[in-house]
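Asker: Below is the file work.txt, with compact mmCIF, C-alpha atoms.
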```txt
# COMPACT_ATOMS: atom_id res chain seq x y z
CA MET A 44 8.13 -30.58 70.41
CA ASP A 45 7.20 -34.20 70.93
CA ILE A 46 5.02 -35.87 68.33
CA GLY A 47 2.13 -35.94 70.82
CA ALA A 48 1.68 -32.22 70.15
CA LEU A 49 1.00 -32.85 66.45
CA THR A 50 -2.71 -32.21 65.89
CA ASP A 51 -4.52 -32.19 62.55
CA GLU A 52 -4.59 -28.39 62.70
CA THR A 53 -0.86 -28.19 63.40
CA LEU A 54 -0.12 -30.55 60.52
CA ARG A 55 -2.23 -28.48 58.13
CA GLU A 56 -0.36 -25.35 59.23
CA LEU A 57 2.99 -27.04 58.65
CA ARG A 58 1.95 -28.14 55.15
CA ARG A 59 1.10 -24.66 53.85
CA LYS A 60 3.48 -22.81 51.52
CA ARG A 61 6.15 -20.59 53.05
CA GLU A 62 8.23 -17.67 51.89
CA TYR A 63 11.28 -19.12 50.15
CA PRO A 64 13.54 -20.59 51.46
CA ALA A 65 11.87 -23.07 53.84
CA VAL A 66 14.56 -25.39 55.19
CA SER A 67 13.89 -28.86 56.62
CA LEU A 68 16.72 -30.62 58.45
CA GLN A 69 16.30 -34.19 59.59
CA LEU A 70 18.84 -36.50 61.21
CA PRO A 71 18.94 -39.68 63.28
CA THR A 72 19.63 -39.36 67.02
CA ASN A 73 20.48 -41.83 69.78
CA ARG A 74 17.52 -42.19 72.14
CA ARG A 75 19.22 -44.91 74.18
CA SER A 76 22.59 -43.13 74.30
CA PRO A 77 21.52 -39.55 75.10
CA TYR A 78 25.10 -38.38 75.61
CA SER A 79 26.40 -39.80 72.34
CA PRO A 80 29.09 -37.47 70.91
CA GLU A 81 27.87 -38.31 67.39
CA ASP A 82 24.60 -36.39 67.75
CA PRO A 83 25.96 -32.82 68.23
CA VAL A 84 28.53 -33.40 65.47
CA ARG A 85 25.82 -34.65 63.10
CA LEU A 86 23.63 -31.65 63.98
CA ARG A 87 26.46 -29.16 63.36
CA ASN A 88 27.30 -30.81 60.02
CA THR A 89 23.66 -30.74 58.89
CA VAL A 90 23.30 -27.06 59.78
CA ALA A 91 26.58 -26.31 57.98
CA GLU A 92 25.33 -28.13 54.86
CA ALA A 93 22.11 -26.10 54.92
CA LYS A 94 24.03 -22.83 55.20
CA ARG A 95 26.36 -23.80 52.37
CA ARG A 96 23.45 -24.63 50.09
CA LEU A 97 21.67 -21.40 51.02
CA ALA A 98 24.79 -19.39 50.18
CA ASP A 99 24.81 -20.94 46.69
CA ASP A 100 21.06 -20.57 46.17
CA THR A 101 20.34 -17.71 43.77
CA ARG A 102 16.58 -18.04 44.38
CA ALA A 103 16.88 -16.95 48.03
CA ALA A 104 16.65 -13.21 48.67
CA ARG A 105 19.52 -11.90 50.78
CA ALA A 106 17.34 -10.75 53.69
CA ALA A 107 15.42 -14.04 53.78
CA ARG A 108 18.62 -16.06 53.60
CA MET A 109 20.24 -14.15 56.48
CA ASP A 110 17.10 -14.55 58.60
CA VAL A 111 16.99 -18.31 57.97
CA GLU A 112 20.70 -18.72 58.71
CA ALA A 113 20.29 -16.93 62.05
CA ARG A 114 17.27 -19.06 62.89
CA LEU A 115 19.18 -22.23 62.02
CA ASP A 116 21.78 -21.28 64.64
CA GLN A 117 19.06 -20.45 67.16
CA ALA A 118 17.23 -23.73 66.56
CA ALA A 119 20.46 -25.72 66.87
CA SER A 120 21.17 -24.08 70.23
CA GLU A 121 17.65 -24.99 71.47
CA VAL A 122 17.85 -28.69 70.54
CA ASP A 123 17.91 -30.90 73.65
CA LEU A 124 19.87 -33.97 72.58
CA THR A 125 19.73 -35.48 76.07
CA HIS A 126 15.97 -35.99 75.76
CA SER A 127 15.66 -36.65 72.04
CA GLY A 128 13.91 -39.52 70.32
CA ASP A 129 15.21 -41.67 67.46
CA GLY A 130 15.10 -38.79 65.00
CA LEU A 131 15.19 -35.01 64.89
CA LEU A 132 13.37 -32.64 62.52
CA VAL A 133 14.23 -28.92 62.43
CA LEU A 134 11.99 -26.66 60.33
CA VAL A 135 13.13 -23.12 59.55
CA ALA A 136 11.67 -20.42 57.31
CA PRO A 137 11.80 -16.61 57.37
CA GLY A 138 10.26 -15.51 60.67
CA GLU A 139 9.85 -18.97 62.23
CA HIS A 140 11.52 -22.15 63.39
CA GLN A 141 10.32 -25.39 64.99
CA ILE A 142 12.00 -28.44 66.52
CA TRP A 143 10.35 -31.87 66.49
CA TYR A 144 11.61 -34.97 68.30
CA LEU A 145 10.62 -38.11 66.38
CA PRO A 146 10.06 -41.63 67.78
CA ARG A 147 11.43 -43.17 64.57
CA THR A 148 14.81 -43.11 62.90
CA VAL A 149 15.19 -40.92 59.79
CA PRO A 150 17.96 -40.46 57.21
CA GLN A 151 20.16 -37.37 57.45
CA ARG A 152 18.85 -34.83 54.93
CA VAL A 153 18.59 -31.15 54.07
CA VAL A 154 15.64 -30.05 51.92
CA ILE A 155 15.17 -26.46 50.73
CA SER A 156 11.81 -25.60 49.18
CA ASP A 157 8.77 -23.39 49.73
CA THR A 158 7.16 -26.03 51.99
CA PHE A 159 8.36 -28.03 54.97
CA LEU A 160 9.16 -31.74 54.81
CA THR A 161 6.32 -33.34 56.80
CA ARG A 162 6.30 -36.98 55.73
CA ASN A 163 8.17 -38.18 58.80
CA LEU A 164 5.83 -36.22 61.07
CA VAL A 165 2.90 -38.07 59.51
CA ALA A 166 4.69 -41.42 59.82
CA ALA A 167 5.64 -40.70 63.44
CA ARG A 168 2.07 -39.80 64.36
CA LEU A 169 0.86 -43.07 62.84
CA GLN A 170 3.48 -44.86 64.92
CA GLU A 171 2.23 -43.05 68.02
CA GLU A 172 -1.13 -44.84 67.88
CA PRO A 173 -2.85 -44.42 71.28
CA TYR A 174 -3.31 -47.61 73.29
CA TRP A 175 -4.12 -48.90 76.77
CA ALA A 176 -1.64 -51.02 78.75
CA LEU A 177 -3.05 -53.04 81.66
CA ALA A 178 -0.52 -54.42 84.16
CA LEU A 179 -2.06 -57.35 86.08
CA SER A 180 -0.67 -58.10 89.52
CA GLU A 181 -2.00 -59.65 92.72
CA SER A 182 -0.89 -56.54 94.60
CA GLY A 183 -2.93 -54.26 92.32
CA THR A 184 -3.81 -53.83 88.66
CA ARG A 185 -2.72 -50.60 87.01
CA LEU A 186 -3.84 -48.99 83.76
CA TRP A 187 -1.56 -46.89 81.57
CA ASP A 188 -2.57 -44.40 78.89
CA GLY A 189 -0.03 -44.93 76.11
CA ALA A 190 1.04 -43.26 72.88
CA GLY A 191 4.18 -44.60 71.23
CA GLU A 192 6.71 -44.81 74.04
CA THR A 193 4.97 -42.35 76.36
CA LEU A 194 3.07 -43.90 79.27
CA THR A 195 0.90 -42.03 81.78
CA GLU A 196 -0.70 -43.95 84.63
CA VAL A 197 -4.48 -43.68 84.99
CA THR A 198 -5.40 -43.00 88.62
CA THR A 199 -9.11 -42.23 88.22
CA GLY A 200 -12.24 -44.26 87.55
CA GLY A 201 -11.29 -47.04 89.97
CA PHE A 202 -7.64 -47.49 88.97
CA PRO A 203 -5.45 -48.90 90.34
CA VAL A 204 -7.67 -51.86 91.25
CA LYS A 205 -6.77 -53.44 94.60
CA PRO A 206 -7.77 -57.02 95.49
CA GLU A 207 -10.06 -57.58 98.45
CA ILE A 208 -8.30 -60.41 100.26
CA PRO A 209 -8.98 -60.86 104.00
CA ASP A 210 -5.99 -60.09 106.20
CA HIS A 211 -6.06 -63.52 107.83
CA GLN A 212 -5.82 -65.34 104.48
CA ASP A 213 -2.40 -64.79 103.02
CA ALA A 214 -1.70 -65.62 99.42
CA LEU A 215 -0.94 -69.33 99.10
CA PRO A 216 2.48 -70.44 97.90
CA GLY A 217 2.42 -70.95 94.17
CA ARG A 218 -1.05 -69.41 93.74
CA ASN A 219 -0.83 -65.76 92.91
CA PHE A 220 -0.59 -63.54 89.84
CA ASP A 221 3.12 -63.01 90.21
CA LYS A 222 4.27 -66.65 90.36
CA VAL A 223 3.60 -69.76 88.34
CA GLY A 224 1.03 -71.82 90.28
CA ASN A 225 -0.44 -75.31 90.55
CA HIS A 226 -4.02 -76.47 90.28
CA PRO A 227 -6.02 -76.15 93.53
CA THR A 228 -6.06 -79.32 95.61
CA SER A 229 -7.89 -78.21 98.76
CA PRO A 230 -10.96 -76.18 99.72
CA ARG A 231 -8.70 -73.39 100.87
CA GLU A 232 -6.90 -73.27 97.54
CA GLU A 233 -10.22 -73.37 95.69
CA SER A 234 -11.40 -70.44 97.78
CA HIS A 235 -8.26 -68.53 96.88
CA VAL A 236 -8.76 -69.25 93.16
CA GLU A 237 -12.37 -68.02 93.39
CA ARG A 238 -11.15 -64.77 94.99
CA GLU A 239 -8.74 -64.39 92.05
CA ARG A 240 -11.64 -64.80 89.62
CA GLN A 241 -13.68 -62.25 91.54
CA TYR A 242 -10.72 -59.88 91.46
CA LEU A 243 -10.42 -60.24 87.68
CA ARG A 244 -14.16 -59.64 87.29
CA GLY A 245 -13.69 -56.45 89.29
CA VAL A 246 -10.83 -55.39 86.98
CA VAL A 247 -13.03 -56.00 83.92
CA GLY A 248 -15.85 -54.01 85.52
CA VAL A 249 -13.58 -50.99 85.95
CA LEU A 250 -11.87 -51.41 82.57
CA ALA A 251 -15.01 -51.81 80.44
CA PRO A 252 -16.22 -48.17 80.74
CA VAL A 253 -12.74 -46.95 79.73
CA LEU A 254 -12.80 -49.07 76.57
CA ASP A 255 -16.34 -47.91 75.80
CA ARG A 256 -15.31 -44.25 76.14
CA GLU A 257 -12.06 -44.52 74.19
CA PRO A 258 -11.73 -47.68 72.08
CA ARG A 259 -8.04 -48.44 71.53
CA PRO A 260 -5.80 -51.48 71.21
CA LEU A 261 -5.36 -53.06 74.66
CA TYR A 262 -2.07 -54.59 75.79
CA VAL A 263 -2.49 -56.87 78.83
CA VAL A 264 0.72 -57.60 80.72
CA GLY A 265 0.99 -60.27 83.39
CA LEU A 266 1.25 -63.99 84.07
CA ARG A 267 0.00 -66.13 81.18
CA GLU A 268 -2.86 -67.73 83.13
CA SER A 269 -4.09 -64.41 84.49
CA VAL A 270 -3.94 -62.69 81.09
CA ALA A 271 -5.88 -65.56 79.49
CA GLN A 272 -8.55 -65.49 82.23
CA LEU A 273 -9.03 -61.74 81.93
CA GLU A 274 -9.35 -61.97 78.14
CA LYS A 275 -12.14 -64.57 78.54
CA LEU A 276 -13.99 -62.31 81.00
CA LEU A 277 -13.68 -59.19 78.80
CA PRO A 278 -16.84 -58.65 76.72
CA ALA A 279 -16.32 -58.56 72.97
CA ARG A 280 -16.34 -55.08 71.42
CA PRO A 281 -16.30 -54.10 67.75
CA GLY A 282 -12.79 -53.11 66.73
CA LEU A 283 -11.20 -54.06 70.07
CA THR A 284 -7.87 -55.87 69.71
CA VAL A 285 -6.28 -57.43 72.79
CA HIS A 286 -2.53 -58.11 72.72
CA ARG A 287 -1.11 -60.53 75.28
CA VAL A 288 2.23 -59.83 76.92
CA GLU A 289 2.78 -62.93 79.04
CA ASN A 290 5.51 -62.22 81.56
CA GLY A 291 6.14 -62.65 85.28
CA SER A 292 5.70 -60.08 88.00
CA VAL A 293 4.69 -56.55 87.03
CA ALA A 294 4.11 -55.40 90.60
CA GLY A 295 5.62 -51.93 91.03
CA CYS A 296 6.69 -51.88 87.39
CA LYS A 297 8.02 -48.49 86.27
CA PRO A 298 7.10 -46.98 82.87
CA ALA A 299 10.52 -47.71 81.34
CA GLU A 300 10.35 -51.34 82.52
CA LEU A 301 6.81 -51.72 81.22
CA LEU A 302 7.84 -50.33 77.82
CA GLU A 303 10.57 -52.96 77.52
CA LEU A 304 7.95 -55.65 78.14
CA LEU A 305 5.64 -54.08 75.54
CA ARG A 306 8.23 -53.54 72.82
CA PRO A 307 7.96 -57.01 71.19
CA ALA A 308 4.16 -56.66 71.13
CA PHE A 309 4.52 -53.26 69.44
CA GLU A 310 6.67 -54.86 66.73
CA ARG A 311 4.11 -57.61 66.21
CA ARG A 312 1.38 -54.97 65.95
CA ARG A 313 3.36 -53.04 63.30
CA ALA A 314 3.95 -56.25 61.34
CA THR A 315 0.22 -56.98 61.50
CA ARG A 316 -0.59 -53.49 60.18
CA SER A 317 1.83 -53.97 57.27
CA GLY A 318 0.14 -57.29 56.52
CA GLU A 319 -3.26 -55.59 56.53
CA VAL A 320 -1.99 -52.96 54.06
CA LEU A 321 -0.65 -55.64 51.71
CA ARG A 322 -3.96 -57.51 51.95
CA ARG A 323 -5.89 -54.36 50.97
CA LEU A 324 -3.53 -53.80 48.06
CA GLY A 325 -3.99 -57.41 46.94
CA ASP A 326 -7.78 -57.16 47.14
CA ALA A 327 -7.69 -53.90 45.16
CA ARG A 328 -5.60 -55.54 42.44
CA GLY A 329 -8.26 -58.22 42.03
CA GLN A 330 -10.98 -55.56 41.88
CA ARG A 331 -9.00 -53.43 39.39
CA LEU A 332 -8.76 -50.62 41.93
CA PHE A 333 -4.98 -50.81 42.25
CA THR A 334 -2.26 -48.58 40.89
CA SER A 335 1.46 -48.09 41.47
CA GLY A 336 4.39 -46.10 40.15
CA LEU A 337 5.22 -42.42 40.37
CA ASP A 338 3.31 -41.19 37.33
CA GLU A 339 0.04 -43.02 38.02
CA ILE A 340 -0.04 -42.21 41.72
CA TRP A 341 0.83 -38.56 41.12
CA ARG A 342 -2.15 -38.33 38.76
CA THR A 343 -4.71 -40.31 40.79
CA VAL A 344 -3.86 -38.53 44.05
CA ARG A 345 -4.53 -35.17 42.39
CA GLU A 346 -7.81 -36.50 41.04
CA GLY A 347 -8.86 -37.39 44.61
CA ARG A 348 -9.24 -41.07 43.71
CA VAL A 349 -6.81 -42.59 46.24
CA ALA A 350 -8.35 -44.35 49.26
CA LEU A 351 -5.09 -45.83 50.63
CA LEU A 352 -1.54 -44.76 49.84
CA ALA A 353 1.27 -47.13 50.85
CA VAL A 354 4.86 -45.86 50.69
CA GLU A 355 8.15 -47.43 51.73
CA ASP A 356 9.63 -45.71 54.78
CA HIS A 357 12.66 -44.06 53.20
CA PHE A 358 11.61 -43.80 49.57
CA ARG A 359 12.27 -40.40 48.03
CA ILE A 360 12.47 -39.03 44.48
CA ALA A 361 13.77 -35.76 43.14
CA ALA A 362 11.78 -34.83 40.04
CA ARG A 363 11.21 -32.02 37.60
CA VAL A 364 7.58 -30.91 37.53
CA ASP A 365 6.82 -28.48 34.73
CA GLY A 366 3.69 -26.38 34.45
CA ASN A 367 0.60 -26.66 36.65
CA GLY A 368 1.27 -29.92 38.48
CA GLY A 369 2.38 -31.66 35.27
CA HIS A 370 3.76 -35.17 35.32
CA PRO A 371 6.98 -35.52 37.36
CA VAL A 372 10.14 -36.64 35.59
CA ARG A 373 12.83 -38.17 37.79
CA VAL A 374 16.14 -36.37 37.96
CA GLU A 375 19.37 -37.22 39.74
CA PRO A 376 21.40 -34.01 39.87
CA PRO A 377 24.11 -33.37 42.45
CA THR A 378 22.65 -32.24 45.78
CA GLU A 379 24.17 -28.78 45.36
CA SER A 380 22.19 -28.11 42.16
CA LEU A 381 18.77 -29.16 43.44
CA THR A 382 17.77 -25.63 44.38
CA ALA A 383 19.12 -24.04 41.20
CA ASP A 384 16.11 -25.08 39.10
CA PRO A 385 12.69 -24.08 40.52
CA SER A 386 11.01 -26.84 38.51
CA ILE A 387 12.93 -29.50 40.45
CA HIS A 388 11.15 -30.79 43.55
CA GLU A 389 13.56 -32.37 46.02
CA ASP A 390 11.05 -34.89 47.33
CA VAL A 391 7.87 -35.39 45.32
CA ILE A 392 6.95 -38.32 47.59
CA ASP A 393 6.42 -35.86 50.43
CA GLU A 394 4.16 -33.83 48.15
CA ILE A 395 2.21 -36.95 47.17
CA VAL A 396 1.68 -37.84 50.84
CA GLU A 397 0.44 -34.30 51.58
CA ALA A 398 -1.93 -34.37 48.59
CA ALA A 399 -3.28 -37.78 49.67
CA LEU A 400 -3.91 -36.47 53.18
CA GLY A 401 -5.70 -33.49 51.68
CA CYS A 402 -8.19 -35.75 49.88
CA GLY A 403 -8.84 -37.89 52.98
CA ALA A 404 -6.81 -40.95 52.00
CA ASP A 405 -5.38 -43.41 54.52
CA ILE A 406 -1.58 -43.28 54.65
CA ALA A 407 0.57 -46.31 55.42
CA PHE A 408 4.36 -46.44 55.68
CA VAL A 409 5.81 -49.91 55.21
CA PRO A 410 9.36 -51.26 55.65
CA ASP A 411 11.82 -50.65 52.83
CA ASP A 412 11.69 -53.22 49.98
CA THR A 413 8.12 -54.26 50.88
CA LEU A 414 6.89 -52.68 47.62
CA ALA A 415 9.97 -53.29 45.48
CA GLU A 416 7.91 -54.74 42.60
CA GLU A 417 5.47 -51.80 42.76
CA ASP A 418 8.15 -49.12 42.31
CA ARG A 419 8.23 -48.47 46.10
CA MET A 420 4.65 -47.18 46.43
CA ALA A 421 1.16 -48.34 45.64
CA ALA A 422 -2.43 -47.23 46.10
CA VAL A 423 -5.96 -48.50 46.51
CA LEU A 424 -8.33 -46.42 44.40
CA ARG A 425 -11.85 -45.31 45.26
CA TYR A 426 -13.01 -45.81 41.68
```
Now that the file is in, can you turn its structure into structure tokens?
Answerer:
Amino acid sequence: MDIGALTDETLRELRRKREYPAVSLQLPTNRRSPYSPEDPVRLRNTVAEAKRRLADDTRAARAARMDVEARLDQAASEVDLTHSGDGLLVLVAPGEHQIWYLPRTVPQRVVISDTFLTRNLVAARLQEEPYWALALSESGTRLWDGAGETLTEVTTGGFPVKPEIPDHQDALPGRNFDKVGNHPTSPREESHVERERQYLRGVVGVLAPVLDREPRPLYVVGLRESVAQLEKLLPARPGLTVHRVENGSVAGCKPAELLELLRPAFERRRATRSGEVLRRLGDARGQRLFTSGLDEIWRTVREGRVALLAVEDHFRIAARVDGNGGHPVRVEPPTESLTADPSIHEDVIDEIVEAALGCGADIAFVPDDTLAEEDRMAAVLRY
């Protein structure tokens, strides 16, 4: 399944406890090289590792183990590596299996527990923030409904918007949305410029109700001058962020081509979000509402005090947790022995993320080494 199918209800269902063993396989895949020979080899090796660990796992009942092994083979045969994303997540437990294609790269891992590994699903959904992409062109302005790298053209509510230019007045050389132009020097050119302004006003008139209905970040793609003019005409709205993508012609642009134009703006947006997270953490430190480190965050999350949890993308800890949610103690046993001790949790960070979600906290994943001085994760507290 693509990450677009991940609803709050689905995520809650995935986070519940399963009959042991619940196996989570994750591995990186090559989105831009869909026929890469590395992907099927990596998938086979990950499945083989899971089977080997299950065979050595004395906690797994024989019937449950055989069921999971069969479902691992079935899931592997159903994976479509020609249409995968940047990562793959396979979830298998007695009586069920699921395949998720992720729009973000993940490390190759096998986790065996009584719950599924869901952290990368949460991170991927955050990455798939819905947005609008407006492609400005003299031949017609098109609106795209976007989520991550999925674009669907909007063809209702007045889109695409076509300019109303009389047949006998052709576009003047150097004065259209698709080419760099000069300042008007004649009445005819001034008339053409006024028609362009009227056209942009018409675009804003059709776009405004969409933004009122579904406020999202707006990416405007087109010639610099046209993008700037449209931004001036667009009424201010609380929470509306407009991202400029100043390029040349977007007439007839296909989704894949539009995504390539948008990609640098996406990266700037992600960097901005990371900056906002660090700002909130800094403010919380000054207000004495800041905490960091495994032990403190484990405790405050379970007390429901965390308002924002920030975690480095690939940070994980294996820890021994004794008793009823007692304090975790880091352990570094060989991978093969992780399942031998039921008190050892293979990834307590995943459990912390799930607990934070359960108490309504905001979750933010930041690039590795962003929180190196905070022991790789930090939190803003409610009180």
Asker: Could you state the separation of CA of Gln330 in chain A and CA of Phe358 in chain A in Å, given to one decimal place?
Answerer: 26.6 Å
Asker: Just checking: using all atoms listed in the file, which residue out of A:Ile46, A:Leu160, A:Pro64, A:Val153 ends up closest to Val90 in chain A?
Answerer: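 Nearest to Val90 in chain A: A:Val153.
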Asker: From (1.2, -33.1, 37.4), in the file's coordinates, out to 12 Å: which residues are reached, counting all atoms listed in the file? Answer as a list in words.
Answerer: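 Residues with an atom close enough to that point: Leu337, Asp338, Glu339, Ile340, Trp341, Arg342, Thr343, Val344, Arg345, Glu346, Ala362, Arg363, Val364, Asp365, Gly366, Asn367, Gly368, Gly369, His370, Pro371, Val372, Ser386, His388, Val391, Glu394, Ile395 and Ala398 of chain A.
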Asker: Excluding same-chain residues fewer than 2 positions from Gly138 in chain A, what lies within 10 Å of it counting all atoms listed in the file, as a PyMOL selection string?
Answerer: chain A and resi 62+107+110-111+114+135-136+140
Asker: In Å to one decimal, how far is CA of Asp157 in chain A from CA of Tyr63 in chain A?
Answerer: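 These two atoms are separated by 5.0 Å.
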Asker: Show me, as a list in words, the residues that have an atom within 12 Å of Val84 in chain A when counting all atoms listed in the file, minus same-chain residues fewer than 5 positions from it.
Answerer: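 Contacts, in chain order: Leu70, Pro71, Thr72, Tyr78, Ser79, Thr89, Val90, Ala91, Ala119 and Leu124 of chain A.
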Asker: Atoms to include: C-alpha atoms. Write the selected residues as a CSV table (one decimal), keeping the file's coordinate frame.
Answerer:
```csv
chain,number,residue,atom,x,y,z
A,70,LEU,CA,18.8,-36.5,61.2
A,71,PRO,CA,18.9,-39.7,63.3
A,72,THR,CA,19.6,-39.4,67.0
A,78,TYR,CA,25.1,-38.4,75.6
A,79,SER,CA,26.4,-39.8,72.3
A,89,THR,CA,23.7,-30.7,58.9
A,90,VAL,CA,23.3,-27.1,59.8
A,91,ALA,CA,26.6,-26.3,58.0
A,119,ALA,CA,20.5,-25.7,66.9
A,124,LEU,CA,19.9,-34.0,72.6
```
Asker: Pull the neighbourhood of (0.7, -50.1, 41.5) for me: all residues within 6 Å in file coordinates, counting all atoms listed in the file, as a list in words.
Answerer: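 Within 6 Å of (0.7, -50.1, 41.5), the protein and nucleic acid residues are Phe333, Thr334, Ser335, Gly336, Glu417 and Ala421 of chain A.
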Asker: Report the closest atom pair, with its distance in Å rounded to one decimal, for each residue of range 153-188 of chain A that has an atom no farther than 12 Å from range 290-303 of chain A; count only C-alpha atoms, sort by chain and then rising residue number, and write it as JSON lines.
Answerer:
```
{"residue": "A:Ala176", "atom": "CA", "partner": "A:Leu301", "partner_atom": "CA", "distance": 8.8}
{"residue": "A:Leu177", "atom": "CA", "partner": "A:Leu301", "partner_atom": "CA", "distance": 10.0}
{"residue": "A:Ala178", "atom": "CA", "partner": "A:Val293", "partner_atom": "CA", "distance": 6.3}
{"residue": "A:Leu179", "atom": "CA", "partner": "A:Val293", "partner_atom": "CA", "distance": 6.9}
{"residue": "A:Ser180", "atom": "CA", "partner": "A:Ala294", "partner_atom": "CA", "distance": 5.6}
{"residue": "A:Glu181", "atom": "CA", "partner": "A:Ala294", "partner_atom": "CA", "distance": 7.7}
{"residue": "A:Ser182", "atom": "CA", "partner": "A:Ala294", "partner_atom": "CA", "distance": 6.5}
{"residue": "A:Gly183", "atom": "CA", "partner": "A:Ala294", "partner_atom": "CA", "distance": 7.3}
{"residue": "A:Thr184", "atom": "CA", "partner": "A:Ala294", "partner_atom": "CA", "distance": 8.3}
{"residue": "A:Arg185", "atom": "CA", "partner": "A:Ala294", "partner_atom": "CA", "distance": 9.1}
{"residue": "A:Leu186", "atom": "CA", "partner": "A:Pro298", "partner_atom": "CA", "distance": 11.2}
{"residue": "A:Trp187", "atom": "CA", "partner": "A:Pro298", "partner_atom": "CA", "distance": 8.8}
{"residue": "A:Asp188", "atom": "CA", "partner": "A:Pro298", "partner_atom": "CA", "distance": 10.8}
```
Asker: Between A:Val133, A:Leu321, A:Val264, A:Leu277, which is the closest to Ala251 in chain A once you count all atoms listed in the file?
Answerer: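 The shortest atom-to-atom distance to Ala251 in chain A comes from A:Leu277.
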Asker: Any idea what the distance is between CA of Cys402 in chain A and CA of Arg58 in chain A?
Answerer: 13.7 Å
Asker: Please identify all polymer residues within 10 Å of Tyr262 in chain A, counting only C-alpha atoms, omitting same-chain residues fewer than 6 positions from it, and present them as a list in words.
Answerer: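 Close residues of Tyr262 in chain A: Tyr174, Trp175, Ala176, Leu177, Ala178, Leu186, Trp187, Gly189, Val270, Thr284, Val285, His286, Arg287, Val288, Leu305, Ala308 and Phe309 of chain A.
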